[in-house]
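Beneath this line is the structure, given in structure tokens, with notes to follow.
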Amino acid sequence: MARPTDTTRRNAATGEPYHPHLEPRYREIATFLRAPLAECLDDLDIALVGIPFDGGVSNRPGARLGPREIRNQSSLMRSIHHVTRQDPFAQARIADIGDVRFSSVYDLERVSNDIAAHYRAIHQARVLPLSAGGDHSVTYPILRGLAAEAPVGLIQVDAHTDTWDEFQGSKFHHGGPFRLACEAGLIDPRRTVQIGIRGAQNTAQGWDYSDATGMRVMFMEEVEALGIAAVVAEARRVVGDGPVYLSFDIDSVDPAFAPGTGTPEVGGLTSLQALQLVRGFRGLPLIGADVVEVAPPFDPNGNTALLGATLMYELLCLLAAQAEPK
Ligand code: MN
Ligand code: MN
């Protein structure tokens, strides 16, 4: 397949069709991974989606600005992978389809419904979504849109299990999306693995919920003891052969590498371990993936958003390798 051409834009100087990856990287409207922009889902295999919402945070807000800054740092992204020589843009039809639109950001239930409807439409169009949050509360409505027919497997990379119960009178917060998803039958807890968990808590109820429902919880100490290759093998054993969703919370990475997040926990993954971990899931039947909790106000040098963009690129390589030809 030829390189993607953004038919809505032309090179201003030559009038030729605009090839995003061949242009100087500081030009034009910033898009995820420098993909073409698209207004609709027609003729797409993979949609890059922003979810600029952080109404579910429990402490420090800012992840609503994640999609915008990941798009900005995406100017540093290129197309051919340095290890695999894979070029996802040559394998699949990929576009940035913009952000989820909200009917009211002040009503959590409406936000959840708006996100779920958006992902239902993407799923029905047989397009694979790769999303940038937003806080982690957005993954529950993503799963409502993608996994309504049957529970899916889940790979969650995170410092926190996000299986906590109601907080401040609401279940729709960034500490509880996978409890909600489990209760709603959207994920199979026995095909769920949570990787990189750490940090003290005031109650054990989230950890206990994950254990009681049969989720495989890999605390950071186990990750460090096993090494990434064995963690990948264990995660692949847990999720098996069925459809699986991959959710990457940037706070799984040590704040030395990724300070720009709402709930940092020291003692986490290195950025290299994070990339190697994602790369290890090549070949799994993914139904979508996300990178969440990038909070630019706590990211003074932009490295967290750069890592977010790079993780999206690694995830895009996984999705492009398995995109169904239509
Ligand atoms: Mn999380
Ligand atoms: Mn987290």
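Every chain in the structure tokens has a letter given in the order shown (A, B, ...), and although residue numbers restart at 1 in each chain, ligands are simply numbered from 1 in the order shown.
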
Considering only C-alpha atoms, tabulate each residue of stretch 30-85 of chain A that lies at most 9 Å from stretch 95-114 of chain A along with its nearest interatomic pair and the corresponding distance in Å to one decimal; arrange the rows by chain and ascending residue number and present them as a tab-separated table.
```
residue	atom	partner	partner_atom	distance
A:Thr31	CA	A:Asp96	CA	6.2
A:Phe32	CA	A:Asp96	CA	6.1
A:Leu33	CA	A:Asp96	CA	8.5
A:Arg34	CA	A:Asp96	CA	8.4
A:Ala35	CA	A:Ala95	CA	5.2
A:Pro36	CA	A:Ala95	CA	5.0
A:Leu37	CA	A:Asp96	CA	4.9
A:Ala38	CA	A:Ile97	CA	5.0
A:Glu39	CA	A:Ile97	CA	5.9
A:Cys40	CA	A:Ile97	CA	6.9
A:Leu41	CA	A:Ile97	CA	7.8
A:Leu44	CA	A:Ala95	CA	7.1
A:Asp45	CA	A:Ala95	CA	8.6
A:Ile46	CA	A:Ala95	CA	6.8
A:Ala47	CA	A:Ala95	CA	5.4
A:Leu48	CA	A:Asp96	CA	4.5
A:Val49	CA	A:Asp99	CA	5.6
A:Gly50	CA	A:Asp99	CA	4.3
A:Ile51	CA	A:Val100	CA	5.5
A:Pro52	CA	A:Asp99	CA	7.1
A:Phe53	CA	A:Val105	CA	7.6
A:Gly55	CA	A:Leu108	CA	7.3
A:Gly56	CA	A:Leu108	CA	8.0
A:Pro67	CA	A:Asp99	CA	8.2
```

Could you produce a table of the residues of stretch 166-237 of chain A lying within 7 Å of stretch 120-142 of chain A, with the nearest pair of atoms per residue and their separation in Å rounded to one decimal, using only C-alpha atoms, ordered by chain and increasing residue number, as a Markdown table?
```
| residue | atom | partner | partner_atom | distance |
| --- | --- | --- | --- | --- |
| A:Phe172 | CA | A:Ser137 | CA | 6.3 |
| A:His173 | CA | A:Ser137 | CA | 5.3 |
| A:His174 | CA | A:Ser137 | CA | 4.1 |
| A:Pro177 | CA | A:Tyr140 | CA | 4.9 |
| A:Phe178 | CA | A:Tyr140 | CA | 6.7 |
| A:Leu180 | CA | A:Tyr140 | CA | 6.8 |
| A:Ala181 | CA | A:Tyr140 | CA | 5.8 |
```

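If you look at atom CA of A:Asn72 and atom CA of A:Ala30, they are 5.6 Å away from each other.
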
Tell me, counting only C-alpha atoms and all ligand atoms, for each residue of chain A within 10 Å of ligand 2, which pair of atoms is nearest and how far apart they are in Å to one decimal, in rows ordered by chain and increasing number, as a tab-separated table.
```
residue	atom	partner	partner_atom_place_in_ligand_line	distance
A:Asp135	CA	ligand 2	1 (Mn)	9.1
A:His136	CA	ligand 2	1 (Mn)	7.5
A:Gln156	CA	ligand 2	1 (Mn)	9.7
A:Val157	CA	ligand 2	1 (Mn)	8.3
A:Asp158	CA	ligand 2	1 (Mn)	4.8
A:Ala159	CA	ligand 2	1 (Mn)	4.6
A:His160	CA	ligand 2	1 (Mn)	4.4
A:Thr161	CA	ligand 2	1 (Mn)	7.3
A:Asp162	CA	ligand 2	1 (Mn)	7.0
A:His174	CA	ligand 2	1 (Mn)	8.0
A:Gly175	CA	ligand 2	1 (Mn)	7.6
A:Gly196	CA	ligand 2	1 (Mn)	9.4
A:Ile197	CA	ligand 2	1 (Mn)	8.2
A:Arg198	CA	ligand 2	1 (Mn)	9.3
A:Gly199	CA	ligand 2	1 (Mn)	9.9
A:Phe248	CA	ligand 2	1 (Mn)	9.0
A:Asp249	CA	ligand 2	1 (Mn)	5.6
A:Ile250	CA	ligand 2	1 (Mn)	7.2
A:Asp251	CA	ligand 2	1 (Mn)	5.0
A:Ser252	CA	ligand 2	1 (Mn)	6.3
A:Val253	CA	ligand 2	1 (Mn)	9.5
A:Thr261	CA	ligand 2	1 (Mn)	8.7
A:Gly262	CA	ligand 2	1 (Mn)	8.3
A:Thr263	CA	ligand 2	1 (Mn)	6.3
A:Pro264	CA	ligand 2	1 (Mn)	7.6
A:Glu265	CA	ligand 2	1 (Mn)	8.3
A:Val292	CA	ligand 2	1 (Mn)	8.8
A:Glu293	CA	ligand 2	1 (Mn)	7.5
```

If you count only C-alpha atoms, the residue of A:His118, A:Arg282, A:Arg144, A:Arg60 closest to A:Phe298 turns out to be A:Arg60
